[in-house]
$ cat model.txt   # compact mmCIF, C-alpha atoms
# COMPACT_ATOMS: atom_id res chain seq x y z
CA TRP A 148 0.00 0.00 0.00
CA ASN A 149 1.00 3.59 -0.66
CA LEU A 150 0.54 6.33 1.93
CA GLN A 151 -0.44 9.77 0.63
CA THR A 152 -0.85 13.09 2.40
CA ILE A 153 -4.07 15.08 2.03
CA TYR A 154 -2.64 18.57 1.69
CA GLY A 155 -4.11 21.99 0.96
CA ASN A 156 -4.46 23.28 -2.58
CA GLU A 157 -1.79 25.88 -1.87
CA TYR A 158 0.77 23.06 -1.92
CA SER A 159 -0.41 21.64 -5.23
CA PRO A 160 2.01 21.75 -8.21
CA SER A 161 -0.56 23.56 -10.36
CA LYS A 162 -0.85 26.89 -12.14
CA ALA A 163 -3.62 27.92 -9.78
CA ALA A 164 -1.38 27.42 -6.75
CA LEU A 165 1.48 29.37 -8.33
CA ASN A 166 -0.85 32.30 -9.07
CA LEU A 167 0.75 33.20 -12.39
CA VAL A 168 0.23 36.77 -13.60
CA LYS A 169 0.89 38.38 -16.98
CA SER A 170 4.10 40.38 -16.94
CA ILE A 171 6.53 42.01 -19.38
CA ALA A 172 10.23 41.27 -19.77
CA CYS A 173 12.79 42.48 -22.28
CA SER A 174 16.31 41.75 -23.42
CA ILE A 175 19.26 43.88 -22.33
CA VAL A 176 21.32 45.07 -25.30
CA ASN A 177 24.55 44.70 -23.33
CA LYS A 178 25.26 43.09 -19.97
CA LYS A 179 27.28 46.11 -18.84
CA PHE A 180 24.04 48.12 -18.57
CA ALA A 181 22.40 45.64 -16.18
CA SER A 182 23.22 47.55 -12.99
CA ILE A 183 21.89 50.84 -14.41
CA ILE A 184 18.66 49.14 -15.52
CA LEU A 185 18.14 47.40 -12.18
CA LYS A 186 18.68 50.64 -10.25
CA CYS A 187 16.09 52.48 -12.36
CA LEU A 188 13.54 49.67 -12.11
CA HIS A 189 14.05 49.34 -8.36
CA GLU A 190 13.35 53.05 -7.88
CA ASN A 191 10.28 53.17 -10.12
CA TYR A 192 8.89 49.63 -10.00
CA PRO A 193 10.17 47.93 -6.83
CA MET A 194 9.52 44.23 -6.22
CA THR A 195 7.87 44.78 -2.85
CA GLY A 196 6.35 41.54 -1.62
CA LEU A 197 7.96 39.64 -4.48
CA GLN A 198 11.34 38.91 -2.91
CA HIS A 199 11.19 35.36 -4.26
CA VAL A 200 11.05 36.57 -7.89
CA LYS A 201 14.38 37.13 -9.62
CA ARG A 202 14.52 40.32 -11.66
CA ILE A 203 16.94 39.01 -14.29
CA ARG A 204 17.26 35.69 -16.08
CA THR A 205 19.66 34.25 -18.63
CA VAL A 206 18.15 33.09 -21.91
CA LYS A 207 20.12 30.65 -24.03
CA SER A 208 19.90 30.77 -27.82
CA THR A 209 21.87 29.73 -30.89
CA GLU A 210 23.24 33.26 -31.05
CA GLY A 211 24.57 33.04 -27.49
CA ASP A 212 23.30 33.81 -24.02
CA CYS A 213 21.51 37.08 -23.30
CA LEU A 214 19.97 38.67 -20.23
CA GLN A 215 16.26 39.36 -19.87
CA VAL A 216 14.99 41.72 -17.21
CA LEU A 217 11.52 41.74 -15.68
CA VAL A 218 10.20 45.24 -16.24
CA PHE A 219 6.60 45.00 -15.03
CA VAL A 220 4.94 42.31 -12.92
CA GLY A 221 1.28 42.22 -13.93
CA THR A 222 -1.11 44.31 -11.90
CA LYS A 223 1.55 44.65 -9.19
CA HIS A 224 3.01 47.52 -11.21
CA LEU A 225 0.28 48.34 -13.73
CA HIS A 226 -3.48 48.52 -14.01
CA ALA A 227 -5.00 45.82 -16.19
CA SER A 228 -5.82 48.44 -18.85
CA GLU A 229 -2.21 49.67 -18.92
CA LEU A 230 -0.92 46.13 -19.25
CA HIS A 231 -3.29 45.59 -22.16
CA VAL A 232 -1.96 48.71 -23.92
CA LEU A 233 1.62 47.50 -23.51
CA GLU A 234 0.76 44.07 -24.88
CA THR A 235 -0.98 45.73 -27.85
CA ASN A 236 2.11 47.86 -28.50
CA MET A 237 4.25 44.73 -28.58
CA GLU A 238 1.92 43.14 -31.11
CA THR A 239 2.19 46.21 -33.36
CA LYS A 240 6.00 46.29 -32.97
CA LYS A 241 5.89 49.51 -30.94
CA SER A 242 8.07 49.90 -27.85
CA PRO A 243 5.97 49.27 -24.72
CA LEU A 244 7.95 51.97 -22.94
CA ASP A 245 7.12 54.84 -25.31
CA SER A 246 4.41 56.15 -23.00
CA ILE A 247 6.31 55.57 -19.72
CA GLN A 248 8.49 58.60 -18.99
CA SER A 249 9.88 57.25 -15.72
CA LEU A 250 11.98 54.76 -17.70
CA ASN A 251 13.34 57.18 -20.31
CA GLU A 252 16.91 56.84 -19.05
CA ILE A 253 17.05 53.09 -19.76
CA LYS A 254 14.93 52.75 -22.92
CA GLU A 255 17.97 52.65 -25.17
CA TYR A 256 19.38 49.70 -23.21
CA LEU A 257 16.28 47.54 -23.68
CA THR A 258 14.99 45.62 -26.68
CA SER A 259 12.85 42.63 -27.69
CA PHE A 260 9.94 42.97 -25.28
CA VAL A 261 8.13 39.70 -24.54
CA PRO A 262 5.06 38.78 -22.46
CA VAL A 263 5.86 36.33 -19.65
CA GLN A 264 4.04 34.76 -16.72
CA VAL A 265 5.40 35.26 -13.23
CA PRO A 266 4.43 33.32 -10.05
CA ILE A 267 3.61 35.98 -7.48
CA VAL A 268 3.26 33.40 -4.69
CA PRO A 269 6.50 31.89 -3.32
CA PRO A 270 6.85 28.14 -3.99
CA LEU A 271 6.09 26.03 -0.92
CA THR A 272 7.42 22.71 -2.24
CA ARG A 273 10.22 21.57 -4.51
CA GLU A 274 7.65 20.46 -7.10
CA GLN A 275 6.21 23.98 -7.18
CA PHE A 276 9.72 25.44 -7.41
CA GLU A 277 10.55 23.28 -10.41
CA MET A 278 7.26 24.27 -12.03
CA CYS A 279 7.97 27.97 -11.42
CA GLN A 280 11.26 27.64 -13.28
CA LEU A 281 9.32 26.83 -16.44
CA TYR A 282 7.87 30.35 -16.37
CA TRP A 283 10.29 32.64 -14.57
CA PRO A 284 13.18 31.97 -12.13
CA VAL A 285 12.44 32.27 -8.42
CA SER A 286 14.30 31.51 -5.21
CA PHE A 287 13.21 28.65 -2.96
CA HIS A 288 13.86 27.99 0.72
CA GLU A 289 12.72 24.49 1.51
CA ASN A 290 10.72 23.89 4.68
CA LYS A 291 11.96 20.48 5.79
CA ALA A 292 8.91 19.83 7.96
CA VAL A 293 6.53 20.52 5.07
CA SER A 294 8.58 18.39 2.69
CA GLN A 295 8.62 15.46 5.11
CA LEU A 296 4.88 15.76 5.60
CA MET A 297 4.19 15.92 1.87
CA ASN A 298 6.26 12.86 0.98
CA CYS A 299 5.45 11.01 4.23
CA SER A 300 9.15 10.67 5.07
CA LEU A 301 8.46 11.78 8.65
CA PHE A 302 7.33 8.22 9.39
CA THR A 303 9.73 5.41 10.32
CA ASP A 304 9.37 1.73 9.47
CA ALA A 305 8.08 1.22 13.01
CA ASP A 306 5.40 3.87 12.39
CA TYR A 307 4.26 2.04 9.26
CA CYS A 308 3.95 -1.18 11.26
CA ILE A 309 1.77 0.64 13.81
CA MET A 310 -0.42 2.09 11.03
CA GLU A 311 -0.92 -1.34 9.53
CA SER A 312 -1.71 -2.93 12.89
CA ASN A 313 -4.30 -0.28 13.78
CA MET A 314 -5.93 -0.42 10.35
CA LYS A 315 -6.14 -4.20 10.60
CA LEU A 316 -8.06 -3.70 13.84
CA ALA A 317 -10.38 -1.27 12.03
CA ILE A 318 -10.91 -3.87 9.29
CA GLN A 319 -11.68 -6.53 11.90
CA THR A 320 -14.14 -4.14 13.53
CA ALA A 321 -15.85 -3.54 10.18
CA ALA A 322 -16.06 -7.30 9.62
CA ALA A 323 -17.73 -7.68 13.01
CA GLY A 324 -20.20 -4.96 12.03
CA LYS A 325 -21.08 -6.76 8.80
CA LEU A 326 -22.13 -9.77 10.86
CA MET A 327 -24.68 -7.48 12.55
CA HIS A 328 -25.87 -5.83 9.32
CA PRO A 329 -24.52 -5.86 5.72
CA SER A 330 -24.34 -2.05 5.63
CA ALA A 331 -22.13 -1.87 8.73
CA ASN A 332 -19.00 -2.32 6.64
CA VAL A 333 -16.94 0.62 7.91
CA GLY A 334 -14.67 0.24 10.92
CA ALA A 335 -12.99 2.93 13.02
CA VAL A 336 -10.34 2.83 15.73
CA VAL A 337 -9.25 5.73 17.95
CA VAL A 338 -5.81 5.51 19.56
CA ASP A 339 -3.62 7.68 21.74
CA SER A 340 -1.12 9.37 19.40
CA VAL A 341 1.77 8.88 21.85
CA SER A 342 1.21 5.52 23.52
CA ASN A 343 -0.85 3.98 20.68
CA SER A 344 -3.23 2.58 23.28
CA VAL A 345 -6.71 1.93 21.90
CA ILE A 346 -9.38 4.32 23.21
CA ALA A 347 -12.35 3.09 21.18
CA THR A 348 -13.39 0.84 18.30
CA ALA A 349 -16.60 1.32 16.36
CA TYR A 350 -18.50 0.27 13.26
CA ASP A 351 -21.42 1.78 11.37
CA LEU A 352 -24.61 1.64 13.45
CA ARG A 353 -27.10 3.39 11.17
CA ASN A 354 -29.13 0.22 10.75
CA ILE A 355 -28.40 -1.32 14.15
CA PRO A 356 -30.58 -0.25 17.13
CA CYS A 357 -28.74 1.29 20.09
CA GLU A 358 -30.00 2.14 23.56
CA ILE A 359 -30.50 5.90 23.86
CA ASN A 360 -32.32 5.65 27.17
CA LYS A 361 -33.28 2.85 29.51
CA GLY A 362 -35.11 0.33 27.37
CA ILE A 363 -35.38 2.66 24.35
CA MET A 364 -33.63 1.30 21.27
CA VAL A 365 -33.14 3.40 18.12
CA ALA A 366 -31.26 2.93 14.83
CA HIS A 367 -30.09 6.47 14.07
CA PRO A 368 -29.22 7.57 10.48
CA LEU A 369 -26.30 9.70 11.72
CA ASN A 370 -24.51 6.84 13.44
CA HIS A 371 -21.65 6.56 10.97
CA ALA A 372 -18.60 4.67 12.23
CA THR A 373 -16.61 7.87 12.77
CA MET A 374 -19.48 9.55 14.66
CA VAL A 375 -19.85 6.48 16.86
CA ALA A 376 -16.09 6.46 17.54
CA ILE A 377 -16.17 10.12 18.61
CA ASP A 378 -19.15 9.45 20.85
CA LEU A 379 -17.30 6.53 22.41
CA VAL A 380 -14.38 8.80 23.24
CA ALA A 381 -16.82 11.26 24.81
CA TYR A 382 -18.38 8.35 26.73
CA SER A 383 -14.95 7.42 28.09
CA GLN A 384 -14.75 10.96 29.47
CA GLY A 385 -18.17 10.86 31.12
CA GLY A 386 -20.22 12.12 28.16
CA GLY A 387 -21.63 10.49 25.05
CA SER A 388 -25.16 10.03 23.76
CA TYR A 389 -25.59 6.26 23.53
CA ASN A 390 -24.87 3.14 25.53
CA TYR A 391 -21.91 1.58 23.74
CA LYS A 392 -20.41 -0.34 26.65
CA ASP A 393 -19.96 -3.52 24.65
CA LEU A 394 -17.95 -1.70 21.98
CA LEU A 395 -15.89 0.61 24.19
CA LYS A 396 -12.22 0.22 24.92
CA MET A 397 -11.06 2.92 27.33
CA ASN A 398 -7.57 3.83 28.43
CA ASP A 399 -7.54 7.59 28.94
CA ASN A 400 -9.69 10.32 30.51
CA SER A 401 -7.54 13.39 29.95
CA ASN A 402 -8.45 14.44 26.42
CA TYR A 403 -10.71 17.25 25.30
CA ILE A 404 -12.80 14.92 23.14
CA CYS A 405 -10.13 13.88 20.59
CA THR A 406 -7.16 16.12 21.37
CA ASN A 407 -3.90 14.19 20.86
CA LEU A 408 -5.83 11.24 19.45
CA THR A 409 -5.50 9.53 16.07
CA LEU A 410 -8.33 7.97 14.06
CA TYR A 411 -7.96 4.97 11.78
CA VAL A 412 -11.00 4.38 9.58
CA THR A 413 -11.41 1.95 6.70
CA ARG A 414 -13.24 4.41 4.43
CA GLU A 415 -12.85 8.15 3.99
CA PRO A 416 -15.31 9.92 6.32
CA CYS A 417 -18.19 11.94 4.89
CA ILE A 418 -18.36 15.72 5.27
CA MET A 419 -20.44 15.48 8.45
CA CYS A 420 -17.95 13.13 10.08
CA CYS A 421 -15.00 15.26 8.96
CA MET A 422 -16.53 18.33 10.61
CA ALA A 423 -17.18 16.31 13.76
CA LEU A 424 -13.51 15.32 13.82
CA LEU A 425 -12.52 18.96 13.37
CA HIS A 426 -14.74 20.14 16.22
CA SER A 427 -13.43 17.29 18.38
CA ARG A 428 -9.86 18.50 17.82
CA ILE A 429 -8.56 15.25 16.37
CA LYS A 430 -4.79 15.28 15.86
CA ARG A 431 -4.40 12.94 12.89
CA VAL A 432 -6.51 10.73 10.61
CA PHE A 433 -5.57 7.70 8.51
CA TYR A 434 -8.11 6.18 6.14
CA GLY A 435 -7.92 3.23 3.81
CA THR A 436 -10.03 3.79 0.73
CA SER A 437 -11.51 6.96 -0.79
CA PHE A 438 -15.22 7.76 -0.87
CA VAL A 439 -17.00 9.89 -3.49
CA GLY A 440 -18.81 11.89 -0.82
CA GLY A 441 -15.75 12.17 1.40
CA GLY A 442 -14.72 15.41 3.07
CA PHE A 443 -10.96 14.98 2.87
CA GLY A 444 -9.06 13.92 -0.26
CA SER A 445 -12.09 13.33 -2.48
CA SER A 446 -13.55 16.82 -2.34
CA TYR A 447 -13.29 19.57 0.26
CA LYS A 448 -10.05 18.81 2.15
CA LEU A 449 -11.69 20.14 5.29
CA ASN A 450 -8.56 19.49 7.35
CA THR A 451 -6.67 22.15 5.36
CA ILE A 452 -9.15 25.04 5.25
CA LYS A 453 -7.51 28.06 6.89
CA GLU A 454 -10.81 29.72 7.74
CA LEU A 455 -11.76 26.87 10.09
CA ASN A 456 -10.53 26.95 13.67
CA HIS A 457 -8.62 23.65 13.66
CA ARG A 458 -6.30 22.02 11.15
CA PHE A 459 -4.92 18.51 11.33
CA GLU A 460 -2.99 15.93 9.35
CA VAL A 461 -4.81 13.42 7.15
CA PHE A 462 -3.35 10.50 5.20
CA GLN A 463 -4.95 8.01 2.84
CA GLY A 464 -4.03 4.60 1.48
CA VAL A 465 -3.34 2.46 4.56
CA LEU A 466 -4.20 -1.12 3.52
CA GLU A 467 -6.30 0.41 0.73
CA ASN A 468 -6.99 -2.84 -1.12
CA GLU A 469 -8.10 -4.66 2.02
CA CYS A 470 -10.36 -1.76 3.02
CA SER A 471 -11.94 -1.53 -0.43
CA ARG A 472 -12.98 -5.17 -0.25
CA LEU A 473 -15.17 -4.66 2.84

$ encode --input "model.txt" --output "structure tokens"
Amino acid sequence: WNLQTIYGNEYSPSKAALNLVKSIACSIVNKKFASIILKCLHENYPMTGLQHVKRIRTVKSTEGDCLQVLVFVGTKHLHASELHVLETNMETKKSPLDSIQSLNEIKEYLTSFVPVQVPIVPPLTREQFEMCQLYWPVSFHENKAVSQLMNCSLFTDADYCIMESNMKLAIQTAAAGKLMHPSANVGAVVVDSVSNSVIATAYDLRNIPCEINKGIMVAHPLNHATMVAIDLVAYSQGGGSYNYKDLLKMNDNSNYICTNLTLYVTREPCIMCCMALLHSRIKRVFYGTSFVGGGFGSSYKLNTIKELNHRFEVFQGVLENECSRL
């Protein structure tokens, strides 16, 4: 099986994540004028907030290497209408700088204006950095913690053995649920993130009656495996809504619902369950197989939304084939 991180769209190696904007560059007629050009551009069109973008690049050609300088960065330096006029001038072979008096002193040093695309957001991963280089050179300072999280290299072989063991327990729990009802084919296990002690195991109870009060049995449509697991954790702390004594494994009373706890679940939780995990302050989630209506990797990536008041790590693919056969 192959473990994958569910990360935010801002880490994706895509054009949308790079936030490419139309810009204008031009060739320098002679390298000896580079310092004069850079000084003028810095005074009139500074790269404030764009420290990752390099102002000059080397372009290789059959006629030899030449330097290109970034004159304007999209709407950072120009209004959209002004940028359109400059692009039109280039199409009609006019100099884009004819109407810009602030650059009069360097016009004679510039030639061959070309439209380019510049990433105005700094690259967060090496993949994004390599993609940026296809458009315009940028600097990149790798965040080791982010890189390890993205490629799952933060986990040791021992960690992978623990993941597999806990997911096997979730699969066994789902199998036990299927004996109760065919639809109870999702299993969940909550463990302490440090000690790996099991706090609760649960399977889907939507079609299995549970005691909600003395002698009152109800099969509730919201009793997904993840919701039941969260309720079991609450029950272990003196709360909870249902009587799950036969399913409960308890080893800790110190958590605020799911703080410092890890969930293993055979199938990607739905949006409702994902929000419940968020509000319960879960630390980490591992799931086996994806689900079309899932709230993590399949659609919304709820664990990565900055506007929400809790973010946590989510990984998919643990014993994926075994989970998909449930």

$ closest_residue --input "model.txt" --among "A:Cys420, A:Gly221, A:Ile318, A:Asn407" --to "A:Asn370" --atoms "all atoms listed in the file"
A:Cys420

$ closest_residue --input "model.txt" --among "A:Thr413, A:Ser383, A:Ser445, A:Asn468" --to "A:Asn332" --atoms "all atoms listed in the file"
A:Thr413

$ atom_distance --input "model.txt" --atom1 "atom CA of A:His457" --atom2 "atom CA of A:Phe276"
28.0 Å

$ closest_atom_pairs --input "model.txt" --of "stretch 259-303 of chain A" --to "stretch 156-163 of chain A" --cutoff "8 Å" --atoms "only C-alpha atoms" --output "tab-separated table"
residue	atom	partner	partner_atom	distance
A:Leu271	CA	A:Tyr158	CA	6.2
A:Thr272	CA	A:Tyr158	CA	6.7
A:Glu274	CA	A:Pro160	CA	5.9
A:Gln275	CA	A:Pro160	CA	4.9
A:Met278	CA	A:Pro160	CA	7.0

$ closest_residue --input "model.txt" --among "A:Ser300, A:Thr409, A:Lys169, A:Val268" --to "A:Ser342" --atoms "only C-alpha atoms"
A:Thr409

$ residues_around --input "model.txt" --residues "A:Leu167" --least-positions-apart "4" --cutoff "6 Å" --atoms "all atoms listed in the file" --output "PyMOL selection string"
chain A and resi 264-266

$ axis_aligned_box --input "model.txt" --around "stretch 432-445 of chain A" --padding-each-side "8 Å" --output "JSON"
{"center_x": -12.2, "center_y": 9.3, "center_z": 3.6, "size_x": 29.2, "size_y": 28.2, "size_z": 30.1}
